[in-house]
Every structure is written in C-alpha cells, then in structure tokens.
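**Q** This is work.txt, which holds compact mmCIF, C-alpha atoms and all ligand atoms:
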```txt
# COMPACT_ATOMS: atom_id res chain seq x y z
CA MET N 440 14.19 -30.14 53.53
CA THR N 441 12.87 -28.37 50.39
CA ARG N 442 10.16 -25.74 50.33
CA THR N 443 7.99 -27.60 47.84
CA LEU N 444 7.16 -30.22 50.47
CA HIS N 445 5.72 -27.53 52.71
CA VAL N 446 3.72 -25.23 50.43
CA PRO N 447 1.01 -24.07 52.78
CA ARG N 448 -2.63 -24.04 51.81
CA TRP N 449 -2.80 -20.17 51.92
CA HIS N 450 -0.15 -20.10 49.18
CA ARG N 451 -2.41 -21.95 46.76
CA LEU N 452 -5.43 -19.84 47.65
CA VAL N 453 -3.81 -16.40 47.68
CA VAL N 454 -0.53 -16.31 45.75
CA ARG N 455 -1.74 -18.16 42.64
CA PRO N 456 -4.69 -15.87 41.95
CA ILE N 457 -2.42 -12.84 42.46
CA ALA N 458 0.07 -14.30 40.00
CA ALA N 459 -2.71 -14.84 37.46
CA VAL N 460 -3.91 -11.24 37.79
CA ALA N 461 -0.32 -9.97 37.50
CA THR N 462 0.16 -11.97 34.28
CA LEU N 463 -3.03 -10.46 32.86
CA VAL N 464 -1.88 -6.92 33.73
CA VAL N 465 1.49 -7.52 32.06
CA MET N 466 -0.30 -8.77 28.92
CA LEU N 467 -2.59 -5.71 28.80
CA VAL N 468 0.32 -3.30 29.29
CA THR N 469 2.24 -5.05 26.49
CA VAL N 470 -0.70 -4.78 24.08
CA THR N 471 -1.27 -1.10 24.94
CA ALA N 472 2.44 -0.29 24.56
CA GLY N 473 2.41 -2.01 21.16
CA HIS N 474 -0.43 0.21 19.97
CA THR N 475 1.28 3.37 21.15
CA LEU N 476 4.52 2.35 19.46
CA GLY N 477 2.64 1.65 16.21
CA ALA N 478 1.14 5.13 16.21
CA GLN N 479 4.52 6.75 16.73
CA SER N 480 6.34 4.94 13.94
CA ALA N 481 3.72 5.26 11.18
CA PRO N 482 5.02 3.56 8.03
CA VAL N 483 3.80 6.30 5.65
CA THR N 484 5.52 9.69 5.80
CA ALA N 485 5.69 12.80 3.61
CA ARG N 486 8.67 15.00 2.77
CA ASP N 487 9.70 17.92 0.51
CA ALA N 488 6.14 19.27 0.51
CA TRP N 489 5.50 22.60 -1.21
CA VAL N 490 2.58 24.65 -2.42
CA ARG N 491 2.59 26.95 -5.45
CA GLU N 492 2.04 30.59 -4.49
CA ALA N 493 -1.52 31.88 -4.81
CA PRO N 494 -1.72 35.64 -5.40
CA ALA N 495 -4.81 37.65 -4.42
CA GLY N 496 -7.84 36.68 -6.47
CA ARG N 497 -6.59 33.16 -7.05
CA ALA N 498 -8.37 30.73 -4.68
CA VAL N 499 -6.89 27.56 -6.18
CA THR N 500 -3.38 26.17 -6.04
CA GLY N 501 -1.38 22.97 -6.43
CA MET N 502 0.57 21.06 -3.79
CA PHE N 503 3.46 18.69 -4.39
CA LEU N 504 5.37 16.25 -2.17
CA THR N 505 7.08 12.90 -1.90
CA VAL N 506 5.30 10.14 0.02
CA HIS N 507 7.25 7.16 1.35
CA ASN N 508 5.90 3.84 2.68
CA THR N 509 8.31 1.83 4.85
CA GLY N 510 5.58 -0.69 5.68
CA THR N 511 4.98 -4.13 4.20
CA ALA N 512 1.40 -3.36 3.11
CA PRO N 513 0.51 -1.22 0.08
CA ARG N 514 -1.35 1.95 1.07
CA ALA N 515 -3.18 4.70 -0.77
CA ILE N 516 -3.94 8.35 -0.12
CA VAL N 517 -7.73 8.66 -0.32
CA SER N 518 -8.44 12.19 0.93
CA GLY N 519 -7.03 15.16 2.77
CA LYS N 520 -7.75 18.53 4.26
CA ALA N 521 -5.77 21.75 4.39
CA SER N 522 -5.52 24.46 7.03
CA VAL N 523 -5.92 27.17 4.38
CA GLY N 524 -8.79 26.13 2.10
CA ASP N 525 -12.13 24.42 2.12
CA THR N 526 -11.42 21.48 -0.21
CA LEU N 527 -8.49 19.27 -1.13
CA GLU N 528 -8.62 17.04 -4.23
CA LEU N 529 -6.29 14.34 -5.52
CA HIS N 530 -5.41 15.05 -9.16
CA GLU N 531 -3.40 13.68 -12.06
CA MET N 532 -2.16 15.33 -15.26
CA LYS N 533 -2.45 13.28 -18.42
CA ARG N 534 -1.75 13.92 -22.07
CA GLU N 535 -4.97 13.68 -24.07
CA ASP N 536 -5.09 14.50 -27.81
CA GLY N 537 -1.76 16.26 -27.45
CA MET N 538 -3.01 18.41 -24.56
CA MET N 539 -2.12 18.13 -20.87
CA ARG N 540 -5.33 17.78 -18.91
CA MET N 541 -5.89 17.43 -15.21
CA SER N 542 -8.58 15.34 -13.59
CA PRO N 543 -9.48 14.15 -10.09
CA VAL N 544 -8.51 10.62 -9.03
CA LYS N 545 -10.08 8.56 -6.21
CA ALA N 546 -6.79 7.41 -4.70
CA ILE N 547 -3.02 7.73 -5.05
CA ALA N 548 -1.25 4.41 -4.46
CA VAL N 549 1.83 4.26 -2.23
CA PRO N 550 3.40 0.81 -2.80
CA ALA N 551 4.79 -1.25 0.11
CA GLY N 552 8.41 -0.23 0.61
CA GLY N 553 7.98 2.34 -2.16
CA THR N 554 7.77 6.04 -2.89
CA VAL N 555 5.33 8.13 -4.90
CA GLU N 556 6.26 11.60 -6.14
CA LEU N 557 3.55 14.20 -6.52
CA ARG N 558 4.98 16.83 -8.86
CA PRO N 559 3.98 19.42 -11.48
CA GLY N 560 2.85 17.63 -14.64
CA GLY N 561 1.98 14.42 -12.77
CA LEU N 562 0.04 13.39 -9.70
CA HIS N 563 -0.60 16.31 -7.35
CA LEU N 564 -2.96 17.75 -4.75
CA MET N 565 -5.23 20.72 -5.42
CA LEU N 566 -6.33 23.13 -2.73
CA PHE N 567 -9.59 25.00 -3.36
CA GLY N 568 -11.26 27.88 -1.58
CA LEU N 569 -8.09 29.51 -0.26
CA LYS N 570 -9.06 32.00 2.44
CA LYS N 571 -6.28 34.49 1.64
CA PRO N 572 -3.29 34.91 -0.70
CA ARG N 573 -0.37 32.53 -0.13
CA VAL N 574 3.04 34.09 -0.61
CA PRO N 575 6.48 32.41 -0.80
CA GLY N 576 7.68 31.48 2.69
CA ASP N 577 4.16 30.87 4.05
CA THR N 578 3.45 27.53 5.68
CA VAL N 579 0.48 25.34 4.78
CA ARG N 580 -0.55 22.43 7.00
CA VAL N 581 -2.29 19.47 5.41
CA GLU N 582 -3.52 16.18 6.80
CA LEU N 583 -3.73 13.28 4.38
CA THR N 584 -5.95 10.26 5.09
CA LEU N 585 -4.91 6.79 3.98
CA ASP N 586 -7.11 3.84 2.96
CA ASP N 587 -6.61 2.22 6.39
CA GLY N 588 -7.76 5.39 8.18
CA THR N 589 -4.31 6.57 9.31
CA ARG N 590 -3.60 10.26 8.96
CA VAL N 591 -0.34 11.69 7.70
CA PRO N 592 0.48 15.24 8.81
CA VAL N 593 2.25 17.38 6.20
CA VAL N 594 3.84 20.82 6.53
CA ALA N 595 4.38 22.50 3.15
CA THR N 596 6.24 25.69 2.23
CA VAL N 597 4.83 28.11 -0.32
CA ARG N 598 7.10 28.64 -3.35
CA LYS N 599 7.11 31.01 -6.31
CA MET N 600 4.83 30.37 -9.29
CA GLY N 601 6.65 27.94 -11.58
CA GLY N 602 9.29 27.29 -8.90
CA MET N 603 10.39 23.74 -8.23
CU CU N 701 -5.01 19.72 -10.41
```
Can you present the structure in this file as structure tokens?

**A**
Amino acid sequence: MTRTLHVPRWHRLVVRPIAAVATLVVMLVTVTAGHTLGAQSAPVTARDAWVREAPAGRAVTGMFLTVHNTGTAPRAIVSGKASVGDTLELHEMKREDGMMRMSPVKAIAVPAGGTVELRPGGLHLMLFGLKKPRVPGDTVRVELTLDDGTRVPVVATVRKMGGM
C-alpha cells in the first residue's frame, strides 16, 4: 500500500500552503543574500593612493591612485569627497601650445576589466579647502562616487612634494 493512495484531505489544505510560503521565504532570502554579496565584492577598487604634501598656507593638493574594474560593465568616476577638504575635483593635465595645463573633467572612465592610472602629469584628483597642513605619513580618506551610484572608499598616504 503506497502513501499516495491515502493522502488525507488535511494534507492538501495545510501542508501545501505551508510549502508555498516556505518556497517564497527561500526565494526572498536568496535575493537578499545576492544583494549583500554584490555590495561586498564591488567590481571597482582603488589601490596605491597617495596625496602630495600640503604645507601650511597651501589649501590645495593633488591626489593620485590606480583604479581597477573587475566587472563586465564600463564605469566612470563622477565625483568624490575627502575627509580633509571641502571640495574634490576630477582633473586632467594636457599639453596646450607647448604648456602643460590642468582642467576639470566631468568623469574619469574605468573600462570593463580595465585599469585607469591617476598620476602626476595626467588624470588626477584635486582636493580644495584643506583644513590644515598635510605632512608625509598623514592619512587622507576619500570616497569616490561612480556613474551607477556605487561608492569606492579610498585611503591615501601623504607623500613628499614631488615624490612618486
Ligand atoms: Cu589639478
């Protein structure tokens, strides 16, 4: 005698709805876990970040770093804020009429699976309105915002003027 021949009526009325609710809960937990996992393994990361020293009386300095995108979608840095100043701008250096000039840019592209280097003489970040002098060994915290709204935390070390 098999059980299927004797499924009681209460089984249909009670066990099936419970199974349906359980399935829904499992689905929700899976979706939530997926989101959490995504936040932890952000595809865009920064490394080798440093800030040029800013002696007393100098409220502006440059910041340099390497940004890597392990994701499959191209991203761009669109803004940022620093723990030490009131404004952060995205800049590029370009040769114009034989002179190196720097100007703000709206975004810095980080290609899918690629790397962008922000370095002296090229793309870089500028920190304005420094609240106090920044000496070698100091730490500067910056948060970069990407075009999809994700934020990339960066910890930079202050280095000597002209130091690489
Ligand atoms: Cu600049």

**Q** Starting from the point (5.0, 21.4, 5.8), work out which residues of protein, DNA or RNA have an atom no more than 7 Å away when counting all atoms listed in the file; state them as a PyMOL selection string.

**A** chain N and resi 488+578-580+593-596

**Q** Those same residues, written as a compact mmCIF listing (two decimals), in the coordinates of the input with C-alpha atoms?

**A**
```
# COMPACT_ATOMS: atom_id res chain seq x y z
CA ALA N 488 6.14 19.27 0.51
CA THR N 578 3.45 27.53 5.68
CA VAL N 579 0.48 25.34 4.78
CA ARG N 580 -0.55 22.43 7.00
CA VAL N 593 2.25 17.38 6.20
CA VAL N 594 3.84 20.82 6.53
CA ALA N 595 4.38 22.50 3.15
CA THR N 596 6.24 25.69 2.23
```

**Q** In Å, with one decimal, what is the gap from CA of Arg540 in chain N to CA of His563 in chain N?

**A**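 Those two atoms sit 12.6 Å apart.
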
**Q** At a cut-off of 8 Å around ligand CU 701 (chain N), and using all atoms listed in the file, what residues come up? Please write them as a list in words.

**A**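 For ligand CU 701 (chain N), the residues inside 8 Å are Thr500, Gly501, Glu528, Leu529, His530, Glu531, Met532, Met541, Ser542, Pro543, His563, Leu564 and Met565 of chain N.
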
**Q** Just the residues within 7 Å of Pro575 in chain N, please, counting all atoms listed in the file, with nothing from its chain fewer than 3 positions along; format it as an MDAnalysis selection string.

**A** chainID N and resid 492 597:599

**Q** Pull the neighbourhood of (1.9, 1.4, 2.4) for me: all residues within 8 Å in file coordinates, counting only C-alpha atoms, as a list in words.

**A** Pro482, Val483, His507, Asn508, Thr509, Gly510, Thr511, Ala512, Pro513, Arg514, Ala515, Val549, Pro550, Ala551, Gly552 and Gly553 of chain N

**Q** Quick check, in Å to one decimal: how far apart do CA of Asp487 in chain N and CA of Ala546 in chain N lie?

**A**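 Between these atoms lies a distance of 20.2 Å.
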
**Q** CA of Met502 in chain N and CA of Asp587 in chain N are how many Å apart?

**A** 22.6 Å

**Q** Using all atoms listed in the file, pick whichever of N:Lys570, N:Arg497, N:Arg590, N:Arg491 has the shortest atom-to-atom distance to Thr526 in chain N.

**A** N:Lys570

**Q** Find, counting all atoms listed in the file, the residue in N:Arg534, N:Ser522, N:Leu585, N:Ala493 that gets nearest to Gly560 in chain N.

**A**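 So, comparing all the options, the nearest one is N:Arg534.
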
**Q** Enclose the full set of atoms of range 511-520 of chain N listed in the file within a box whose edges lie along x, y and z, apply 3 Å of padding to each of the six sides, and report centre and edge lengths in Å to one decimal as JSON.

**A**
```
{"center_x": -1.7, "center_y": 7.2, "center_z": 1.7, "size_x": 19.4, "size_y": 28.7, "size_z": 11.0}
```

**Q** Using only C-alpha atoms, which residues sit within 9 Å of Lys571 in chain N once same-chain residues fewer than 5 positions away are excluded, as an MDAnalysis selection string?

**A** chainID N and resid 493:498 523:524

**Q** Counting all atoms listed in the file, which of N:Val544, N:Gly576, N:Gly588, N:Val555 gets nearest to Thr484 in chain N?

**A** N:Val555

**Q** Please produce range 519-555 of chain N, completed to N, CA and C atoms, as a PDB file, keeping the file's coordinate frame.

**A**
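Saved file out_9.pdb follows:
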```pdb
ATOM      1  N   GLY N 519      -7.878  14.291   1.957  1.00  0.00           N
ATOM      2  CA  GLY N 519      -7.030  15.160   2.770  1.00  0.00           C
ATOM      3  C   GLY N 519      -7.743  16.455   3.038  1.00  0.00           C
ATOM      4  N   LYS N 520      -7.197  17.202   4.007  1.00  0.00           N
ATOM      5  CA  LYS N 520      -7.750  18.530   4.260  1.00  0.00           C
ATOM      6  C   LYS N 520      -6.609  19.480   4.583  1.00  0.00           C
ATOM      7  N   ALA N 521      -6.817  20.743   4.219  1.00  0.00           N
ATOM      8  CA  ALA N 521      -5.770  21.750   4.390  1.00  0.00           C
ATOM      9  C   ALA N 521      -6.212  22.792   5.395  1.00  0.00           C
ATOM     10  N   SER N 522      -5.221  23.420   6.038  1.00  0.00           N
ATOM     11  CA  SER N 522      -5.520  24.460   7.030  1.00  0.00           C
ATOM     12  C   SER N 522      -5.965  25.757   6.361  1.00  0.00           C
ATOM     13  N   VAL N 523      -5.745  25.869   5.047  1.00  0.00           N
ATOM     14  CA  VAL N 523      -5.920  27.170   4.380  1.00  0.00           C
ATOM     15  C   VAL N 523      -7.091  27.248   3.421  1.00  0.00           C
ATOM     16  N   GLY N 524      -7.700  26.118   3.082  1.00  0.00           N
ATOM     17  CA  GLY N 524      -8.790  26.130   2.100  1.00  0.00           C
ATOM     18  C   GLY N 524      -9.961  25.295   2.562  1.00  0.00           C
ATOM     19  N   ASP N 525     -10.975  25.206   1.696  1.00  0.00           N
ATOM     20  CA  ASP N 525     -12.130  24.420   2.120  1.00  0.00           C
ATOM     21  C   ASP N 525     -12.182  23.029   1.480  1.00  0.00           C
ATOM     22  N   THR N 526     -11.409  22.793   0.432  1.00  0.00           N
ATOM     23  CA  THR N 526     -11.420  21.480  -0.210  1.00  0.00           C
ATOM     24  C   THR N 526     -10.022  21.103  -0.661  1.00  0.00           C
ATOM     25  N   LEU N 527      -9.733  19.805  -0.598  1.00  0.00           N
ATOM     26  CA  LEU N 527      -8.490  19.270  -1.130  1.00  0.00           C
ATOM     27  C   LEU N 527      -8.860  18.112  -2.054  1.00  0.00           C
ATOM     28  N   GLU N 528      -8.345  18.137  -3.291  1.00  0.00           N
ATOM     29  CA  GLU N 528      -8.620  17.040  -4.230  1.00  0.00           C
ATOM     30  C   GLU N 528      -7.328  16.379  -4.652  1.00  0.00           C
ATOM     31  N   LEU N 529      -7.414  15.090  -4.968  1.00  0.00           N
ATOM     32  CA  LEU N 529      -6.290  14.340  -5.520  1.00  0.00           C
ATOM     33  C   LEU N 529      -6.414  14.423  -7.035  1.00  0.00           C
ATOM     34  N   HIS N 530      -5.347  14.845  -7.714  1.00  0.00           N
ATOM     35  CA  HIS N 530      -5.410  15.050  -9.160  1.00  0.00           C
ATOM     36  C   HIS N 530      -4.285  14.326  -9.891  1.00  0.00           C
ATOM     37  N   GLU N 531      -4.491  14.130 -11.184  1.00  0.00           N
ATOM     38  CA  GLU N 531      -3.400  13.680 -12.060  1.00  0.00           C
ATOM     39  C   GLU N 531      -3.445  14.498 -13.337  1.00  0.00           C
ATOM     40  N   MET N 532      -2.265  14.670 -13.958  1.00  0.00           N
ATOM     41  CA  MET N 532      -2.160  15.330 -15.260  1.00  0.00           C
ATOM     42  C   MET N 532      -1.905  14.234 -16.275  1.00  0.00           C
ATOM     43  N   LYS N 533      -2.651  14.277 -17.364  1.00  0.00           N
ATOM     44  CA  LYS N 533      -2.450  13.280 -18.420  1.00  0.00           C
ATOM     45  C   LYS N 533      -2.483  13.951 -19.772  1.00  0.00           C
ATOM     46  N   ARG N 534      -1.718  13.395 -20.710  1.00  0.00           N
ATOM     47  CA  ARG N 534      -1.750  13.920 -22.070  1.00  0.00           C
ATOM     48  C   ARG N 534      -2.930  13.295 -22.807  1.00  0.00           C
ATOM     49  N   GLU N 535      -3.798  14.150 -23.336  1.00  0.00           N
ATOM     50  CA  GLU N 535      -4.970  13.680 -24.070  1.00  0.00           C
ATOM     51  C   GLU N 535      -5.071  14.496 -25.339  1.00  0.00           C
ATOM     52  N   ASP N 536      -5.044  13.826 -26.502  1.00  0.00           N
ATOM     53  CA  ASP N 536      -5.090  14.500 -27.810  1.00  0.00           C
ATOM     54  C   ASP N 536      -4.032  15.609 -27.879  1.00  0.00           C
ATOM     55  N   GLY N 537      -2.851  15.305 -27.383  1.00  0.00           N
ATOM     56  CA  GLY N 537      -1.760  16.260 -27.450  1.00  0.00           C
ATOM     57  C   GLY N 537      -1.841  17.389 -26.441  1.00  0.00           C
ATOM     58  N   MET N 538      -2.849  17.357 -25.554  1.00  0.00           N
ATOM     59  CA  MET N 538      -3.010  18.410 -24.560  1.00  0.00           C
ATOM     60  C   MET N 538      -2.839  17.818 -23.158  1.00  0.00           C
ATOM     61  N   MET N 539      -2.221  18.575 -22.259  1.00  0.00           N
ATOM     62  CA  MET N 539      -2.120  18.130 -20.870  1.00  0.00           C
ATOM     63  C   MET N 539      -3.412  18.516 -20.164  1.00  0.00           C
ATOM     64  N   ARG N 540      -4.096  17.523 -19.633  1.00  0.00           N
ATOM     65  CA  ARG N 540      -5.330  17.780 -18.910  1.00  0.00           C
ATOM     66  C   ARG N 540      -5.222  17.251 -17.495  1.00  0.00           C
ATOM     67  N   MET N 541      -5.934  17.906 -16.577  1.00  0.00           N
ATOM     68  CA  MET N 541      -5.890  17.430 -15.210  1.00  0.00           C
ATOM     69  C   MET N 541      -7.270  16.959 -14.797  1.00  0.00           C
ATOM     70  N   SER N 542      -7.293  15.861 -14.054  1.00  0.00           N
ATOM     71  CA  SER N 542      -8.580  15.340 -13.590  1.00  0.00           C
ATOM     72  C   SER N 542      -8.430  14.721 -12.202  1.00  0.00           C
ATOM     73  N   PRO N 543      -9.535  14.727 -11.436  1.00  0.00           N
ATOM     74  CA  PRO N 543      -9.480  14.150 -10.090  1.00  0.00           C
ATOM     75  C   PRO N 543      -9.311  12.631 -10.148  1.00  0.00           C
ATOM     76  N   VAL N 544      -8.611  12.069  -9.168  1.00  0.00           N
ATOM     77  CA  VAL N 544      -8.510  10.620  -9.030  1.00  0.00           C
ATOM     78  C   VAL N 544      -9.017  10.239  -7.630  1.00  0.00           C
ATOM     79  N   LYS N 545      -9.497   8.993  -7.503  1.00  0.00           N
ATOM     80  CA  LYS N 545     -10.080   8.560  -6.210  1.00  0.00           C
ATOM     81  C   LYS N 545      -9.013   8.270  -5.177  1.00  0.00           C
ATOM     82  N   ALA N 546      -7.847   7.796  -5.644  1.00  0.00           N
ATOM     83  CA  ALA N 546      -6.790   7.410  -4.700  1.00  0.00           C
ATOM     84  C   ALA N 546      -5.436   7.522  -5.378  1.00  0.00           C
ATOM     85  N   ILE N 547      -4.403   7.721  -4.554  1.00  0.00           N
ATOM     86  CA  ILE N 547      -3.020   7.730  -5.050  1.00  0.00           C
ATOM     87  C   ILE N 547      -2.290   6.616  -4.308  1.00  0.00           C
ATOM     88  N   ALA N 548      -1.874   5.595  -5.057  1.00  0.00           N
ATOM     89  CA  ALA N 548      -1.250   4.410  -4.460  1.00  0.00           C
ATOM     90  C   ALA N 548       0.148   4.720  -3.956  1.00  0.00           C
ATOM     91  N   VAL N 549       0.477   4.173  -2.782  1.00  0.00           N
ATOM     92  CA  VAL N 549       1.830   4.260  -2.230  1.00  0.00           C
ATOM     93  C   VAL N 549       2.276   2.814  -1.970  1.00  0.00           C
ATOM     94  N   PRO N 550       3.064   2.228  -2.894  1.00  0.00           N
ATOM     95  CA  PRO N 550       3.400   0.810  -2.800  1.00  0.00           C
ATOM     96  C   PRO N 550       4.170   0.469  -1.512  1.00  0.00           C
ATOM     97  N   ALA N 551       4.039  -0.776  -1.062  1.00  0.00           N
ATOM     98  CA  ALA N 551       4.790  -1.250   0.110  1.00  0.00           C
ATOM     99  C   ALA N 551       6.282  -1.083  -0.154  1.00  0.00           C
ATOM    100  N   GLY N 552       6.976  -0.449   0.770  1.00  0.00           N
ATOM    101  CA  GLY N 552       8.410  -0.230   0.610  1.00  0.00           C
ATOM    102  C   GLY N 552       8.748   0.722  -0.527  1.00  0.00           C
ATOM    103  N   GLY N 553       7.768   1.486  -0.988  1.00  0.00           N
ATOM    104  CA  GLY N 553       7.980   2.340  -2.160  1.00  0.00           C
ATOM    105  C   GLY N 553       7.714   3.810  -1.901  1.00  0.00           C
ATOM    106  N   THR N 554       7.893   4.592  -2.953  1.00  0.00           N
ATOM    107  CA  THR N 554       7.770   6.040  -2.890  1.00  0.00           C
ATOM    108  C   THR N 554       6.908   6.515  -4.046  1.00  0.00           C
ATOM    109  N   VAL N 555       6.069   7.503  -3.801  1.00  0.00           N
ATOM    110  CA  VAL N 555       5.330   8.130  -4.900  1.00  0.00           C
ATOM    111  C   VAL N 555       5.627   9.621  -4.860  1.00  0.00           C
TER     112      VAL N 555
END
```
